[in-house]
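K.L.:
So that you have it, the file is start01.cif, and it contains mmCIF, C-alpha atoms and all ligand atoms:
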```
data_final
#
loop_
_atom_site.label_atom_id
_atom_site.label_comp_id
_atom_site.auth_asym_id
_atom_site.auth_seq_id
_atom_site.Cartn_x
_atom_site.Cartn_y
_atom_site.Cartn_z
CA MET A 1175 85.10 98.44 99.67
CA LYS A 1176 87.18 96.31 101.97
CA VAL A 1177 90.68 95.44 100.76
CA LEU A 1178 93.19 92.90 102.09
CA ILE A 1179 96.86 93.29 101.13
CA ILE A 1180 99.15 90.26 101.52
CA GLY A 1181 102.80 90.99 102.39
CA SER A 1182 104.94 92.94 104.82
CA GLY A 1183 107.59 95.08 103.12
CA GLY A 1184 108.19 98.53 101.69
CA ARG A 1185 106.40 97.50 98.50
CA GLU A 1186 103.29 96.57 100.48
CA HIS A 1187 103.47 99.89 102.36
CA ALA A 1188 103.57 101.73 99.00
CA ILE A 1189 100.60 99.67 97.76
CA ALA A 1190 98.71 100.41 100.99
CA MET A 1191 99.39 104.14 100.50
CA SER A 1192 97.94 103.95 96.97
CA VAL A 1193 94.90 101.98 98.16
CA LYS A 1194 94.37 104.51 100.96
CA ARG A 1195 94.12 107.25 98.31
CA SER A 1196 91.22 105.48 96.61
CA LYS A 1197 87.86 107.06 97.37
CA ARG A 1198 86.25 103.66 96.91
CA VAL A 1199 87.97 102.00 99.87
CA GLU A 1200 86.63 102.27 103.41
CA LYS A 1201 88.77 99.65 105.17
CA ILE A 1202 92.23 98.18 104.55
CA TYR A 1203 93.64 95.05 106.17
CA CYS A 1204 97.19 93.82 105.71
CA ALA A 1205 98.52 90.36 106.52
CA PRO A 1206 100.96 90.32 108.13
CA GLY A 1207 101.97 93.98 107.46
CA ASN A 1208 104.49 95.99 109.48
CA ALA A 1209 104.64 98.97 111.83
CA GLY A 1210 104.34 101.55 109.04
CA ILE A 1211 101.48 99.80 107.27
CA ALA A 1212 99.69 99.66 110.64
CA GLN A 1213 99.25 103.43 110.41
CA LEU A 1214 97.06 103.00 107.30
CA ALA A 1215 95.60 99.54 107.72
CA GLU A 1216 94.61 96.99 110.32
CA CYS A 1217 97.42 94.44 110.38
CA VAL A 1218 96.56 90.83 111.11
CA PRO A 1219 99.17 88.28 112.20
CA ILE A 1220 98.73 85.79 109.35
CA GLY A 1221 101.82 84.85 107.33
CA ALA A 1222 101.84 85.32 103.55
CA MET A 1223 102.07 81.53 103.05
CA GLU A 1224 99.27 80.59 105.47
CA PHE A 1225 96.74 80.17 102.68
CA ASP A 1226 93.95 78.52 104.69
CA LYS A 1227 94.04 81.27 107.30
CA GLN A 1228 94.18 83.99 104.63
CA VAL A 1229 91.13 82.60 102.84
CA ALA A 1230 89.20 82.12 106.10
CA PHE A 1231 90.01 85.68 107.16
CA ALA A 1232 88.97 87.12 103.77
CA LYS A 1233 85.66 85.24 103.99
CA GLU A 1234 84.99 86.25 107.57
CA LYS A 1235 85.62 89.96 106.88
CA GLU A 1236 83.80 89.84 103.51
CA ILE A 1237 86.80 91.27 101.69
CA ASP A 1238 85.97 92.71 98.26
CA LEU A 1239 89.50 92.61 96.86
CA VAL A 1240 92.66 90.76 97.94
CA ILE A 1241 95.97 92.10 96.60
CA VAL A 1242 98.69 89.45 96.65
CA ALA A 1243 101.99 91.36 96.47
CA PRO A 1244 104.99 89.00 97.12
CA ASP A 1245 106.38 86.31 94.82
CA ASP A 1246 106.07 83.27 97.12
CA PRO A 1247 102.28 83.30 97.66
CA LEU A 1248 101.76 84.10 93.96
CA ALA A 1249 103.95 81.17 92.87
CA GLY A 1250 102.22 79.01 95.48
CA GLY A 1251 98.74 79.75 94.12
CA LEU A 1252 97.12 82.04 96.71
CA VAL A 1253 95.16 83.84 93.97
CA ASP A 1254 93.72 80.49 92.84
CA GLU A 1255 92.75 79.62 96.43
CA MET A 1256 90.97 82.95 96.88
CA GLU A 1257 89.12 82.53 93.59
CA LYS A 1258 88.01 79.03 94.55
CA ALA A 1259 86.49 80.54 97.67
CA GLY A 1260 84.67 83.15 95.57
CA ILE A 1261 86.92 86.05 96.58
CA ARG A 1262 88.26 88.51 94.02
CA ALA A 1263 92.06 88.61 94.01
CA PHE A 1264 94.59 90.72 92.13
CA GLY A 1265 97.69 88.91 90.88
CA PRO A 1266 98.52 86.09 88.48
CA ARG A 1267 97.22 82.58 89.08
CA LYS A 1268 99.76 79.87 89.85
CA ASN A 1269 100.06 78.73 86.23
CA ALA A 1270 100.95 82.29 85.16
CA ALA A 1271 103.15 83.22 88.16
CA VAL A 1272 105.56 80.59 86.80
CA LEU A 1273 106.80 83.42 84.58
CA GLU A 1274 108.83 84.45 87.65
CA GLY A 1275 108.78 81.13 89.53
CA SER A 1276 110.84 79.27 86.94
CA LYS A 1277 113.66 80.93 85.04
CA ALA A 1278 113.94 77.87 82.78
CA PHE A 1279 110.27 78.32 81.85
CA SER A 1280 110.66 82.03 81.13
CA LYS A 1281 113.80 81.51 79.04
CA ASP A 1282 112.09 78.79 76.97
CA LEU A 1283 109.07 81.06 76.51
CA MET A 1284 111.26 83.90 75.23
CA LYS A 1285 113.10 81.58 72.86
CA LYS A 1286 109.87 80.08 71.49
CA TYR A 1287 108.29 83.51 70.89
CA HIS A 1288 111.45 85.32 69.71
CA ILE A 1289 111.53 87.78 72.61
CA PRO A 1290 115.04 89.29 72.92
CA THR A 1291 117.03 87.88 75.85
CA ALA A 1292 120.52 86.53 76.58
CA ALA A 1293 121.49 83.23 74.89
CA TYR A 1294 121.21 80.34 77.37
CA GLU A 1295 120.95 76.63 78.13
CA ASN A 1296 118.90 74.90 80.84
CA PHE A 1297 120.37 72.09 82.94
CA ASP A 1298 119.00 69.59 85.42
CA ASP A 1299 122.16 67.50 85.50
CA PRO A 1300 125.18 69.09 87.26
CA GLU A 1301 127.65 66.99 85.24
CA LYS A 1302 126.27 68.32 81.98
CA ALA A 1303 126.44 71.87 83.36
CA VAL A 1304 130.12 71.40 84.27
CA LYS A 1305 130.87 69.99 80.82
CA TYR A 1306 129.17 72.97 79.17
CA LEU A 1307 131.11 75.41 81.35
CA GLU A 1308 134.46 73.92 80.30
CA THR A 1309 134.19 75.77 76.99
CA ALA A 1310 131.58 78.50 77.70
CA LYS A 1311 132.50 82.11 77.00
CA LEU A 1312 133.44 84.13 80.12
CA PRO A 1313 132.06 85.88 82.10
CA VAL A 1314 129.09 83.57 82.35
CA VAL A 1315 125.86 83.88 84.39
CA LEU A 1316 124.44 81.03 86.50
CA LYS A 1317 120.83 81.23 87.69
CA ALA A 1318 118.97 78.92 90.04
CA ASP A 1319 115.69 78.08 88.32
CA GLY A 1320 113.31 78.84 91.20
CA LEU A 1321 112.63 81.69 93.64
CA ALA A 1322 115.71 82.58 95.70
CA LEU A 1323 115.02 86.04 97.20
CA GLY A 1324 116.88 87.66 94.31
CA LYS A 1325 120.08 85.90 95.37
CA GLY A 1326 120.11 82.91 93.02
CA VAL A 1327 122.12 84.67 90.30
CA LEU A 1328 125.90 84.23 90.11
CA ILE A 1329 128.05 86.22 87.72
CA CYS A 1330 131.21 84.16 87.19
CA ARG A 1331 134.32 85.75 85.75
CA THR A 1332 136.54 82.67 85.83
CA ARG A 1333 136.00 79.00 85.06
CA GLU A 1334 136.76 78.13 88.70
CA GLU A 1335 134.02 80.47 89.91
CA ALA A 1336 131.62 78.91 87.44
CA MET A 1337 132.43 75.38 88.64
CA GLU A 1338 131.98 76.51 92.26
CA GLY A 1339 128.67 78.04 91.22
CA VAL A 1340 127.36 74.70 89.94
CA GLN A 1341 128.41 73.16 93.25
CA LYS A 1342 126.61 75.89 95.25
CA ILE A 1343 123.39 75.89 93.24
CA MET A 1344 122.88 72.28 92.16
CA LEU A 1345 124.82 70.16 94.66
CA ASP A 1346 125.02 72.09 97.95
CA LYS A 1347 121.51 73.45 97.26
CA GLN A 1348 122.33 76.84 98.77
CA PHE A 1349 119.05 78.12 97.37
CA GLY A 1350 117.13 74.96 98.26
CA THR A 1351 114.97 73.30 95.64
CA ALA A 1352 115.25 76.47 93.52
CA GLY A 1353 118.55 74.89 92.43
CA ASN A 1354 117.12 71.60 91.13
CA LYS A 1355 117.41 73.16 87.71
CA MET A 1356 119.76 75.86 86.53
CA VAL A 1357 120.01 78.30 83.64
CA ILE A 1358 123.45 79.16 82.27
CA GLU A 1359 123.36 82.31 80.21
CA GLU A 1360 125.43 84.76 78.27
CA PHE A 1361 126.74 87.77 80.21
CA MET A 1362 125.30 91.04 78.92
CA THR A 1363 126.48 94.59 79.49
CA GLY A 1364 124.48 97.79 79.48
CA ARG A 1365 122.21 99.87 81.61
CA GLU A 1366 119.43 98.17 83.57
CA VAL A 1367 115.86 99.44 83.58
CA SER A 1368 112.80 98.12 85.40
CA VAL A 1369 109.46 98.52 83.67
CA LEU A 1370 106.37 97.47 85.61
CA SER A 1371 103.09 96.94 83.80
CA PHE A 1372 99.45 96.13 84.46
CA VAL A 1373 98.13 93.19 82.44
CA ASP A 1374 94.57 91.84 82.05
CA GLY A 1375 95.35 88.71 80.06
CA LYS A 1376 95.37 90.43 76.68
CA THR A 1377 96.02 94.17 77.14
CA ILE A 1378 99.18 95.53 78.73
CA LYS A 1379 99.67 99.08 80.06
CA THR A 1380 103.17 99.94 81.18
CA MET A 1381 103.88 102.15 84.17
CA THR A 1382 106.62 104.77 84.27
CA SER A 1383 110.17 103.34 84.20
CA ALA A 1384 112.55 102.97 87.16
CA GLN A 1385 116.09 101.89 87.96
CA ASP A 1386 117.12 99.83 90.97
CA HIS A 1387 120.55 99.61 92.68
CA LYS A 1388 120.99 95.97 93.63
CA ARG A 1389 124.49 95.89 95.15
CA ALA A 1390 124.98 96.64 98.84
CA ARG A 1391 127.81 99.20 98.57
CA ASP A 1392 128.55 102.42 96.73
CA GLY A 1393 129.88 102.10 93.21
CA ASP A 1394 127.91 98.85 92.73
CA GLN A 1395 130.28 96.99 95.02
CA GLY A 1396 129.36 94.35 97.59
CA LEU A 1397 126.76 91.62 97.54
CA ASN A 1398 123.49 91.58 95.67
CA THR A 1399 120.56 92.70 97.83
CA GLY A 1400 116.81 93.02 97.43
CA GLY A 1401 117.51 96.61 96.26
CA MET A 1402 119.19 99.59 97.94
CA GLY A 1403 117.42 102.43 96.16
CA THR A 1404 115.55 103.43 93.03
CA PHE A 1405 114.76 106.38 90.84
CA SER A 1406 111.93 107.02 88.40
CA PRO A 1407 111.71 107.72 85.53
CA SER A 1408 114.91 106.37 83.99
CA PRO A 1409 116.39 109.05 81.71
CA PHE A 1410 117.94 106.24 79.65
CA TYR A 1411 114.56 104.74 78.79
CA THR A 1412 113.84 106.82 75.68
CA LYS A 1413 110.71 106.94 73.52
CA GLU A 1414 112.51 104.86 70.88
CA ILE A 1415 113.44 102.18 73.40
CA ASP A 1416 109.89 102.17 74.71
CA ALA A 1417 108.47 101.75 71.20
CA PHE A 1418 110.82 98.80 70.56
CA CYS A 1419 109.92 97.13 73.86
CA GLN A 1420 106.18 97.61 73.39
CA GLU A 1421 106.37 95.89 70.01
CA ARG A 1422 109.01 93.22 70.60
CA ILE A 1423 108.85 92.46 74.32
CA TYR A 1424 105.76 93.59 76.28
CA GLN A 1425 102.80 92.62 74.09
CA PRO A 1426 104.58 89.49 72.76
CA THR A 1427 105.07 88.29 76.37
CA VAL A 1428 101.39 88.75 77.21
CA ASP A 1429 100.33 87.05 73.97
CA ALA A 1430 102.79 84.20 74.52
CA MET A 1431 101.40 83.51 77.99
CA ALA A 1432 97.84 83.49 76.61
CA LYS A 1433 98.84 81.11 73.79
CA GLU A 1434 100.42 78.75 76.32
CA GLY A 1435 97.12 78.63 78.23
CA ARG A 1436 98.61 80.70 81.06
CA LYS A 1437 96.62 83.93 80.83
CA PHE A 1438 98.53 86.49 82.89
CA GLN A 1439 96.49 88.97 84.96
CA GLY A 1440 98.34 91.20 87.40
CA VAL A 1441 101.67 93.00 87.28
CA ILE A 1442 104.52 91.93 85.01
CA PHE A 1443 107.86 93.47 85.95
CA PHE A 1444 110.28 93.49 83.02
CA GLY A 1445 113.92 93.61 84.12
CA LEU A 1446 115.65 94.93 81.00
CA MET A 1447 119.23 95.42 79.96
CA LEU A 1448 119.79 98.12 77.35
CA THR A 1449 122.58 96.43 75.37
CA GLU A 1450 124.42 97.62 72.28
CA ASP A 1451 122.22 95.24 70.29
CA GLY A 1452 119.04 96.73 71.74
CA PRO A 1453 116.95 96.05 74.85
CA LYS A 1454 116.91 92.47 76.15
CA VAL A 1455 115.01 90.81 78.99
CA LEU A 1456 117.14 90.01 82.05
CA GLU A 1457 114.25 88.60 84.02
CA TYR A 1458 110.51 88.68 84.53
CA ASN A 1459 108.84 89.14 87.88
CA ALA A 1460 105.15 88.47 88.36
CA ARG A 1461 104.59 91.34 90.82
CA PHE A 1462 105.50 94.92 91.73
CA GLY A 1463 109.23 95.40 92.37
CA ASP A 1464 110.60 96.41 95.72
CA PRO A 1465 111.85 99.19 95.92
CA GLU A 1466 110.57 100.03 92.41
CA ALA A 1467 107.00 100.29 93.74
CA GLN A 1468 108.20 102.94 96.18
CA VAL A 1469 109.06 105.37 93.35
CA VAL A 1470 106.47 104.32 90.77
CA LEU A 1471 103.27 104.25 92.85
CA PRO A 1472 103.67 107.72 94.42
CA ARG A 1473 103.70 109.09 90.84
CA MET A 1474 100.59 107.25 89.64
CA LYS A 1475 97.54 109.44 88.98
CA ASN A 1476 94.90 106.70 88.62
CA ASP A 1477 92.88 105.13 91.40
CA ILE A 1478 94.81 101.86 91.86
CA ILE A 1479 91.61 99.95 92.65
CA ASP A 1480 90.09 100.90 89.26
CA VAL A 1481 93.21 99.64 87.50
CA MET A 1482 93.44 96.41 89.48
CA GLU A 1483 89.76 95.64 88.90
CA ALA A 1484 90.22 96.26 85.17
CA CYS A 1485 93.04 93.67 85.20
CA ILE A 1486 90.71 91.14 86.82
CA ASP A 1487 87.74 91.98 84.56
CA GLY A 1488 89.70 92.12 81.29
CA THR A 1489 88.83 95.78 80.67
CA LEU A 1490 92.27 97.34 80.90
CA ASP A 1491 91.92 98.67 77.34
CA GLN A 1492 89.44 101.19 78.75
CA VAL A 1493 91.89 102.53 81.36
CA ASP A 1494 93.95 105.63 80.63
CA LEU A 1495 96.97 104.92 82.85
CA GLN A 1496 98.70 108.17 83.81
CA PHE A 1497 101.70 109.25 85.83
CA GLU A 1498 102.71 112.67 87.15
CA ASP A 1499 105.24 114.55 85.06
CA ASN A 1500 107.70 114.64 87.95
CA ALA A 1501 110.37 112.36 89.40
CA ALA A 1502 110.97 110.27 92.51
CA VAL A 1503 114.02 108.88 94.28
CA CYS A 1504 114.00 106.24 97.03
CA VAL A 1505 116.98 105.63 99.31
CA ILE A 1506 116.84 102.48 101.43
CA LEU A 1507 117.94 102.80 105.04
CA ALA A 1508 119.29 99.39 105.96
CA SER A 1509 120.92 97.79 108.98
CA ASP A 1510 124.69 97.81 108.57
CA GLY A 1511 125.78 94.31 107.58
CA TYR A 1512 122.75 93.62 105.35
CA PRO A 1513 122.39 91.33 103.38
CA GLU A 1514 124.50 89.09 105.63
CA LYS A 1515 124.60 89.62 109.40
CA TYR A 1516 123.04 92.57 111.19
CA ASP A 1517 121.49 93.55 114.51
CA LYS A 1518 117.77 94.09 114.99
CA GLY A 1519 115.67 95.70 117.69
CA LEU A 1520 117.35 99.13 117.62
CA GLU A 1521 115.14 102.14 118.29
CA ILE A 1522 114.23 104.36 115.32
CA THR A 1523 113.63 108.06 116.02
CA GLY A 1524 112.48 111.00 113.92
CA LEU A 1525 109.71 109.26 111.98
CA GLU A 1526 107.25 112.02 112.95
CA GLN A 1527 109.15 114.43 110.70
CA PHE A 1528 107.42 112.90 107.68
CA GLU A 1529 103.96 113.81 108.96
CA GLY A 1530 102.12 116.33 106.82
CA LYS A 1531 104.91 116.54 104.21
CA GLU A 1532 103.23 115.73 100.92
CA ASP A 1533 106.20 115.03 98.71
CA TYR A 1534 108.05 112.85 101.20
CA TYR A 1535 107.30 109.24 102.08
CA CYS A 1536 108.80 106.97 104.68
CA PHE A 1537 107.91 103.42 103.64
CA HIS A 1538 108.53 100.81 106.32
CA ALA A 1539 110.13 97.48 105.42
CA GLY A 1540 111.67 95.83 108.50
CA THR A 1541 110.21 97.67 111.50
CA LYS A 1542 108.10 96.88 114.55
CA GLU A 1543 106.25 99.00 117.05
CA GLU A 1544 106.07 98.56 120.80
CA ASN A 1545 104.12 100.98 122.99
CA GLY A 1546 104.34 103.77 120.44
CA ARG A 1547 108.11 103.35 119.90
CA PHE A 1548 109.59 101.99 116.66
CA PHE A 1549 112.41 99.46 116.34
CA THR A 1550 114.37 97.94 113.47
CA ASN A 1551 113.25 94.43 112.58
CA GLY A 1552 115.05 93.48 109.37
CA GLY A 1553 117.86 94.15 106.92
CA ARG A 1554 116.07 96.73 104.85
CA VAL A 1555 114.43 98.98 107.44
CA LEU A 1556 112.92 102.02 105.69
CA GLY A 1557 112.53 103.35 102.16
CA ILE A 1558 112.84 107.13 102.07
CA THR A 1559 111.15 108.45 98.94
CA ALA A 1560 110.96 112.06 97.82
CA LEU A 1561 109.36 113.63 94.80
CA GLY A 1562 110.77 116.54 92.83
CA GLU A 1563 110.12 118.41 89.63
CA ASN A 1564 113.02 116.49 88.12
CA LEU A 1565 115.36 113.69 89.12
CA MET A 1566 118.08 115.96 90.48
CA GLU A 1567 115.62 117.71 92.77
CA ALA A 1568 114.02 114.44 93.88
CA ARG A 1569 117.47 113.04 94.65
CA LYS A 1570 118.43 116.08 96.71
CA ASN A 1571 115.13 115.88 98.63
CA ALA A 1572 115.43 112.16 99.30
CA TYR A 1573 118.95 112.45 100.73
CA LEU A 1574 117.85 115.43 102.83
CA ALA A 1575 115.05 113.33 104.32
CA THR A 1576 117.38 110.41 105.13
CA ASP A 1577 118.79 112.69 107.86
CA TRP A 1578 115.43 113.01 109.60
CA VAL A 1579 115.50 109.47 110.96
CA ALA A 1580 118.12 107.87 113.16
CA PHE A 1581 118.91 104.37 114.44
CA ASP A 1582 122.15 102.89 115.66
CA ASN A 1583 123.33 100.78 112.74
CA LYS A 1584 121.75 102.92 110.00
CA TYR A 1585 123.40 102.25 106.63
CA MET A 1586 122.66 103.58 103.16
CA ARG A 1587 124.28 103.94 99.80
CA HIS A 1588 125.30 107.51 98.98
CA ASP A 1589 125.22 107.15 95.21
CA ILE A 1590 121.59 106.32 94.50
CA GLY A 1591 120.72 108.13 91.30
CA ASN A 1592 124.28 109.17 90.45
CA ALA A 1593 123.53 107.84 86.98
CA ILE A 1594 121.12 110.76 86.60
CA MET A 1595 124.09 113.08 86.52
CA GLU A 1596 125.74 111.01 83.78
CA ALA A 1597 122.52 111.36 81.79
CA ASP A 1598 122.60 115.13 82.32
CA GLU A 1599 126.16 115.27 81.01
CA THR A 1600 125.37 113.24 77.91
CA SER A 1601 122.15 115.01 76.98
P1 LIG B 1 117.94 88.67 88.00
O1 LIG B 1 117.47 88.20 89.35
O2 LIG B 1 117.80 87.65 86.91
O3 LIG B 1 117.44 90.04 87.64
O4 LIG B 1 119.50 88.94 88.19
C1 LIG B 1 119.98 89.78 89.19
C2 LIG B 1 120.99 90.70 88.61
O5 LIG B 1 122.07 89.99 88.03
C3 LIG B 1 120.44 91.56 87.47
O6 LIG B 1 119.80 92.69 87.93
C4 LIG B 1 121.71 91.89 86.72
O7 LIG B 1 122.41 92.95 87.36
C5 LIG B 1 122.53 90.65 86.87
N1 LIG B 1 122.33 89.78 85.71
C6 LIG B 1 121.39 88.82 85.54
N2 LIG B 1 121.50 88.23 84.34
C7 LIG B 1 122.54 88.81 83.72
C8 LIG B 1 123.16 88.66 82.43
N3 LIG B 1 122.75 87.73 81.57
N4 LIG B 1 124.20 89.45 82.14
C9 LIG B 1 124.65 90.36 83.02
N5 LIG B 1 124.11 90.57 84.24
C10 LIG B 1 123.08 89.80 84.59
N1 LIG B 2 113.91 95.32 92.96
C1 LIG B 2 113.91 94.06 92.33
C2 LIG B 2 112.81 93.17 92.69
O1 LIG B 2 111.82 93.56 93.26
O2 LIG B 2 112.92 92.00 92.37
#
```
Could you render the structure from this file as structure tokens?
Ligand code: AMP
Ligand code: GLY

P.N.:
Amino acid sequence: MKVLIIGSGGREHAIAMSVKRSKRVEKIYCAPGNAGIAQLAECVPIGAMEFDKQVAFAKEKEIDLVIVAPDDPLAGGLVDEMEKAGIRAFGPRKNAAVLEGSKAFSKDLMKKYHIPTAAYENFDDPEKAVKYLETAKLPVVLKADGLALGKGVLICRTREEAMEGVQKIMLDKQFGTAGNKMVIEEFMTGREVSVLSFVDGKTIKTMTSAQDHKRARDGDQGLNTGGMGTFSPSPFYTKEIDAFCQERIYQPTVDAMAKEGRKFQGVIFFGLMLTEDGPKVLEYNARFGDPEAQVVLPRMKNDIIDVMEACIDGTLDQVDLQFEDNAAVCVILASDGYPEKYDKGLEITGLEQFEGKEDYYCFHAGTKEENGRFFTNGGRVLGITALGENLMEARKNAYLATDWVAFDNKYMRHDIGNAIMEADETS
């Protein structure tokens, strides 16, 4: 088989690694890819949003399966375009990707189908939003409706902050048209868990759980980022919680989408908050998480192509989805200053140390290669993942491996997975 992966980050590198493991695949292309992916696949310089070029390339190379990984091309309908051209594609169609593409849509869906989530109101008029905020309970959460690189969420502790938030999102349009509408929702407290799942339109099979660390600095300080590190599984995601979510959240979401005429086929990422009143949905994503994919996929036992094809063919009920009984931790090596201002183009050394080491992965996010040398090319540069028999061992291994690579403005959090130790103490 010939496979084309769309995207260019650490998530796409992890997907490429999984695809490479499949015995059924003889050739992998990635558009546009990055320097790490180029070691497994042939990278082609076509942007994720250049749909006409993507389709033409897939036709020319007679691609058997296109995997659309990032949110933008999914929300924009790349899967639909591929299908129209007779090419098989993994990922939700445009009318289903709206589950992530519009927070107002997903909140209304949850309300209509009684799926537990924070109480909320949708607004398309800034004046009405301001009026509502005059008496809303604090803290309060403001969310731009559309895609905003994970940055369109403001947690406001004072009324002034909330008013400024309306200004930023709806009037100054800091997140562009994503801020034409806004969700204002109740602030929840609890532990966050990410659960990714494969969905074929009617059947859902959840993958092993993970936890992300979204803030830039240790102790969950600093700005929200795309994610600074992950661990899997989450020790807080118990069998009881899983049973509740399967019954009240996962299957109901898939059924709700089907009832609305928006059959979802692909990956649904459930961002959950484990509150005192039980698990509630923080957000849906219509794709693999990044860096969640970097700890979940290395632990998957199945051939990813078999599972993806079952999602497309509606035969997921026949798949026995299995994960290794081990653990993984991923520490992101970023450029100091991310997510705001940072330098690029700095040489990265030591990457060869990962060669031949089975339980260690160095997933590339923002890198480029020139004449066999590697340079930083983004805010999140590398995802260092290590496996271990348990979370503590995986964590120790991952931090050990962060020392193998060097670049001038290398920055990482030092507390990825510290929560594991809290779990140890409480168990
Ligand atoms: P989202 O993009 O919706 O996942 O939001 C980004 C982050 O903001 C989440 O991972 C949470 O840490 C936080 N967040 C979002 N919604 C809420 C909420 N209702 N209550 C508390 N924190 C929230
Ligand atoms: N790690 C969160 C996301 O992929 O949106």

K.L.:
Which one is closest to Arg1198 of chain A: A:Ser1383, A:Ile1479, A:Glu1532, A:Asn1592? Count only C-alpha atoms.

P.N.:
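The closest residue to Arg1198 of chain A is A:Ile1479.
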
K.L.:
Any residue with an atom at most 7 Å from ligand LIG 2 (chain B) counts, using all atoms listed in the file. Which are they? Put them as a PyMOL selection string.

P.N.:
chain A and resi 1324+1386+1400-1401+1459+1462-1466

K.L.:
Check every protein, DNA and RNA residue against ligand LIG 1 (chain B), keep those with an atom at most 10 Å away (counting all atoms listed in the file), and present them as an mmCIF file with C-alpha atoms, in the coordinates of the input.

P.N.:
```cif
data_model
loop_
_atom_site.group_PDB
_atom_site.id
_atom_site.type_symbol
_atom_site.label_atom_id
_atom_site.label_comp_id
_atom_site.auth_asym_id
_atom_site.auth_seq_id
_atom_site.Cartn_x
_atom_site.Cartn_y
_atom_site.Cartn_z
ATOM 1 C CA GLU A 1274 108.830 84.450 87.650
ATOM 2 C CA LYS A 1277 113.660 80.930 85.040
ATOM 3 C CA THR A 1291 117.030 87.880 75.850
ATOM 4 C CA ALA A 1292 120.520 86.530 76.580
ATOM 5 C CA ALA A 1293 121.490 83.230 74.890
ATOM 6 C CA TYR A 1294 121.210 80.340 77.370
ATOM 7 C CA PRO A 1313 132.060 85.880 82.100
ATOM 8 C CA VAL A 1314 129.090 83.570 82.350
ATOM 9 C CA VAL A 1315 125.860 83.880 84.390
ATOM 10 C CA LEU A 1316 124.440 81.030 86.500
ATOM 11 C CA LYS A 1317 120.830 81.230 87.690
ATOM 12 C CA ALA A 1318 118.970 78.920 90.040
ATOM 13 C CA ASP A 1319 115.690 78.080 88.320
ATOM 14 C CA LEU A 1321 112.630 81.690 93.640
ATOM 15 C CA ALA A 1322 115.710 82.580 95.700
ATOM 16 C CA LEU A 1323 115.020 86.040 97.200
ATOM 17 C CA GLY A 1324 116.880 87.660 94.310
ATOM 18 C CA LYS A 1325 120.080 85.900 95.370
ATOM 19 C CA GLY A 1326 120.110 82.910 93.020
ATOM 20 C CA VAL A 1327 122.120 84.670 90.300
ATOM 21 C CA LEU A 1328 125.900 84.230 90.110
ATOM 22 C CA ILE A 1329 128.050 86.220 87.720
ATOM 23 C CA CYS A 1330 131.210 84.160 87.190
ATOM 24 C CA ILE A 1358 123.450 79.160 82.270
ATOM 25 C CA GLU A 1359 123.360 82.310 80.210
ATOM 26 C CA GLU A 1360 125.430 84.760 78.270
ATOM 27 C CA PHE A 1361 126.740 87.770 80.210
ATOM 28 C CA MET A 1362 125.300 91.040 78.920
ATOM 29 C CA THR A 1363 126.480 94.590 79.490
ATOM 30 C CA GLY A 1364 124.480 97.790 79.480
ATOM 31 C CA ARG A 1365 122.210 99.870 81.610
ATOM 32 C CA GLU A 1366 119.430 98.170 83.570
ATOM 33 C CA VAL A 1367 115.860 99.440 83.580
ATOM 34 C CA SER A 1368 112.800 98.120 85.400
ATOM 35 C CA GLN A 1385 116.090 101.890 87.960
ATOM 36 C CA ASP A 1386 117.120 99.830 90.970
ATOM 37 C CA HIS A 1387 120.550 99.610 92.680
ATOM 38 C CA LYS A 1388 120.990 95.970 93.630
ATOM 39 C CA ARG A 1389 124.490 95.890 95.150
ATOM 40 C CA ASP A 1394 127.910 98.850 92.730
ATOM 41 C CA ASN A 1398 123.490 91.580 95.670
ATOM 42 C CA THR A 1399 120.560 92.700 97.830
ATOM 43 C CA GLY A 1400 116.810 93.020 97.430
ATOM 44 C CA GLY A 1401 117.510 96.610 96.260
ATOM 45 C CA PHE A 1444 110.280 93.490 83.020
ATOM 46 C CA GLY A 1445 113.920 93.610 84.120
ATOM 47 C CA LEU A 1446 115.650 94.930 81.000
ATOM 48 C CA MET A 1447 119.230 95.420 79.960
ATOM 49 C CA THR A 1449 122.580 96.430 75.370
ATOM 50 C CA LYS A 1454 116.910 92.470 76.150
ATOM 51 C CA VAL A 1455 115.010 90.810 78.990
ATOM 52 C CA LEU A 1456 117.140 90.010 82.050
ATOM 53 C CA GLU A 1457 114.250 88.600 84.020
ATOM 54 C CA TYR A 1458 110.510 88.680 84.530
ATOM 55 C CA ASN A 1459 108.840 89.140 87.880
#
```

K.L.:
Mind checking which residues fall within 12 Å of Thr1309 of chain A, counting all atoms listed in the file, ignoring those fewer than 5 positions away in the same chain, and posting them as JSON, numbers by chain?

P.N.:
{"A": [1302, 1303, 1304, 1314, 1332, 1333, 1336, 1337]}

K.L.:
Contacts of Met1482 of chain A at 7 Å or less, counting all atoms listed in the file, minus same-chain residues fewer than 4 places along, as a list of chain:residue names?

P.N.:
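Residues meeting the cut-off are A:Phe1264, A:Ile1478, A:Ile1486.
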
K.L.:
Quick check, in Å to one decimal: how far apart do atom CA of Ala1384 of chain A and atom CA of Val1469 of chain A lie?

P.N.:
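For atom CA of Ala1384 of chain A relative to atom CA of Val1469 of chain A, the distance reads 7.5 Å.
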
K.L.:
Quote the spacing between atom CA of Cys1536 of chain A and atom CA of Gly1552 of chain A in Å to one decimal place.

P.N.:
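Taking atom CA of Cys1536 of chain A and atom CA of Gly1552 of chain A, their separation equals 15.6 Å.
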
K.L.:
From the set A:Gly1435, A:Asn1296, A:Leu1178, A:Asn1476, which residue has the shortest atom-to-atom contact distance to Lys1197 of chain A, counting all atoms listed in the file?

P.N.:
A:Asn1476
